[in-house]
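So the structure is just underneath, and the comments pick up after that.
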Amino acid sequence: MASAAANLFVAILGFAGGLGVGSALVALLIVLDVIPRLAQLAYAYRKSIWFETAVVCGAVFWSLADFLDWRLMLPRSGTLAVIGSFDGIFVGMLGAALTEVMNVIPILAKRMRLSRYMVSLVMAMLLGKVTGSLFDWLVFQWMDDAS
């Protein structure tokens with residue numbers, strides 16, 4: 001009986017977490033007007049349903065790939081570097097786009113009276129991100145493998 005209750009609790013918790021993450025993704029897409037802006041840049045206003053469908057299909061596909069533990073048997077040497085580069089570019093560009101859209105850097109610089117040091121502020125953020133990423137890849141990854 002306790003096992004069934006624990007399984008039910010985990011199922012409800014997982015469902016609630018999925019609703020939370022899904023709602024956050026939809027809110028992000030709506031607040032930042034990602035799909036309409038993409039349609040505007042591509043001059044494809046009438047085909048915006050294709051962009052929306054692509055986002056939904058991508059989310060469903062990768063959720064299934066995660067849940068069903070799909071694996072791609074690719075050679076490790078060059079493939080890992082290429083995939084890692086694309087992942088890094090995606091995350092970096094998404095972070096930069098969010099920062100630009102939300103006007104984080106100009107607001108931060110204005111409030112802290114650092115407008116004169118804008119280049120230094122951006123370089124410090126960039127170097128901190130690169131250093132943190134390298135530390136994570138080169139130190140924490142090996143620490144997880146050792147234990």
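Letters A, B, ... go to the chains of the structure tokens in the order shown; residues in each chain start at 1; ligands are counted from 1 in the same order.
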DSSP-assigned alpha helix (DSSP H) among range 23-67 of chain A, expressed as a VMD selection string: chain A and resid 23 to 31 34 to 41 48 to 67
Which residues are near range 43-53 of chain A? Cut-off 12 Å, only C-alpha atoms, ignore same chain within fewer than 5 positions. Put them as a ChimeraX atom specification. /A:26,29-30,33-38,58-61
Restrict the selected residues to all heavy atoms and save them as a short mmCIF file (atom, residue, chain, number, x, y, z; two decimals), in the first residue's frame.
data_model
loop_
_atom_site.label_atom_id
_atom_site.label_comp_id
_atom_site.auth_asym_id
_atom_site.auth_seq_id
_atom_site.Cartn_x
_atom_site.Cartn_y
_atom_site.Cartn_z
N VAL A 26 5.99 28.09 -22.48
CA VAL A 26 4.97 28.80 -23.23
C VAL A 26 4.96 30.28 -22.85
O VAL A 26 4.85 31.15 -23.72
CB VAL A 26 3.58 28.15 -23.00
CG1 VAL A 26 2.47 29.01 -23.57
CG2 VAL A 26 3.55 26.77 -23.63
N LEU A 29 7.86 31.94 -24.58
CA LEU A 29 7.60 32.14 -26.01
C LEU A 29 6.60 33.26 -26.25
O LEU A 29 6.73 34.02 -27.20
CB LEU A 29 7.10 30.84 -26.64
CG LEU A 29 8.11 29.69 -26.72
CD1 LEU A 29 7.43 28.44 -27.24
CD2 LEU A 29 9.29 30.05 -27.57
N ILE A 30 5.60 33.36 -25.38
CA ILE A 30 4.57 34.39 -25.56
C ILE A 30 5.09 35.77 -25.16
O ILE A 30 4.92 36.74 -25.90
CB ILE A 30 3.30 34.03 -24.76
CG1 ILE A 30 2.61 32.83 -25.41
CG2 ILE A 30 2.34 35.21 -24.68
CD1 ILE A 30 1.46 32.27 -24.61
N ASP A 33 7.56 37.05 -27.63
CA ASP A 33 7.05 37.05 -29.01
C ASP A 33 8.01 36.35 -29.97
O ASP A 33 8.34 36.88 -31.03
CB ASP A 33 6.79 38.47 -29.50
CG ASP A 33 5.55 39.07 -28.90
OD1 ASP A 33 4.65 38.30 -28.51
OD2 ASP A 33 5.46 40.31 -28.83
N VAL A 34 8.46 35.17 -29.59
CA VAL A 34 9.45 34.46 -30.39
C VAL A 34 8.89 34.07 -31.75
O VAL A 34 9.50 34.34 -32.79
CB VAL A 34 9.97 33.21 -29.63
CG1 VAL A 34 10.86 32.37 -30.49
CG2 VAL A 34 10.70 33.65 -28.37
N ILE A 35 7.72 33.44 -31.78
CA ILE A 35 7.16 32.96 -33.04
C ILE A 35 6.76 34.12 -33.97
O ILE A 35 7.15 34.12 -35.14
CB ILE A 35 5.95 32.01 -32.79
CG1 ILE A 35 6.35 30.84 -31.89
CG2 ILE A 35 5.35 31.53 -34.09
CD1 ILE A 35 7.31 29.86 -32.48
N PRO A 36 6.03 35.12 -33.49
CA PRO A 36 5.72 36.24 -34.39
C PRO A 36 6.96 36.97 -34.89
O PRO A 36 7.02 37.39 -36.04
CB PRO A 36 4.86 37.18 -33.53
CG PRO A 36 4.28 36.31 -32.48
CD PRO A 36 5.31 35.26 -32.22
N ARG A 37 7.97 37.10 -34.03
CA ARG A 37 9.20 37.78 -34.47
C ARG A 37 9.93 36.95 -35.52
O ARG A 37 10.44 37.50 -36.49
CB ARG A 37 10.10 38.00 -33.25
CG ARG A 37 11.39 38.69 -33.56
CD ARG A 37 11.17 40.16 -33.84
NE ARG A 37 12.46 40.80 -34.03
CZ ARG A 37 12.76 41.60 -35.03
NH1 ARG A 37 11.84 41.92 -35.91
NH2 ARG A 37 13.94 42.12 -35.14
N LEU A 38 9.94 35.63 -35.35
CA LEU A 38 10.56 34.76 -36.34
C LEU A 38 9.82 34.85 -37.67
O LEU A 38 10.44 34.91 -38.73
CB LEU A 38 10.57 33.32 -35.82
CG LEU A 38 11.29 32.29 -36.66
CD1 LEU A 38 12.75 32.65 -36.82
CD2 LEU A 38 11.16 30.93 -36.01
N GLY A 58 9.09 19.55 -31.95
CA GLY A 58 10.42 19.43 -31.34
C GLY A 58 10.33 19.09 -29.87
O GLY A 58 11.06 18.23 -29.36
N ALA A 59 9.41 19.74 -29.16
CA ALA A 59 9.24 19.46 -27.73
C ALA A 59 8.77 18.03 -27.51
O ALA A 59 9.28 17.33 -26.63
CB ALA A 59 8.27 20.45 -27.12
N VAL A 60 7.81 17.57 -28.32
CA VAL A 60 7.30 16.20 -28.17
C VAL A 60 8.37 15.19 -28.53
O VAL A 60 8.58 14.20 -27.80
CB VAL A 60 6.03 16.00 -29.04
CG1 VAL A 60 5.63 14.54 -29.11
CG2 VAL A 60 4.88 16.84 -28.49
N PHE A 61 9.09 15.41 -29.63
CA PHE A 61 10.12 14.47 -30.05
C PHE A 61 11.20 14.30 -29.00
O PHE A 61 11.57 13.20 -28.63
CB PHE A 61 10.74 14.93 -31.38
CG PHE A 61 11.87 14.04 -31.83
CD1 PHE A 61 11.61 12.87 -32.49
CD2 PHE A 61 13.19 14.39 -31.57
CE1 PHE A 61 12.65 12.04 -32.91
CE2 PHE A 61 14.23 13.58 -31.97
CZ PHE A 61 13.95 12.40 -32.65
#
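The space separating CA of Leu19 in chain A from CA of Val31 in chain A comes to 17.7 Å.
If you measure from each of A:Ile105, A:Arg113, A:Leu25, A:Thr79 to Met125 in chain A using only C-alpha atoms, the closest one turns out to be A:Ile105.
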What separation in Å, quoted to one decimal, exists between CA of Pro106 in chain A and CA of Val130 in chain A? 21.3 Å
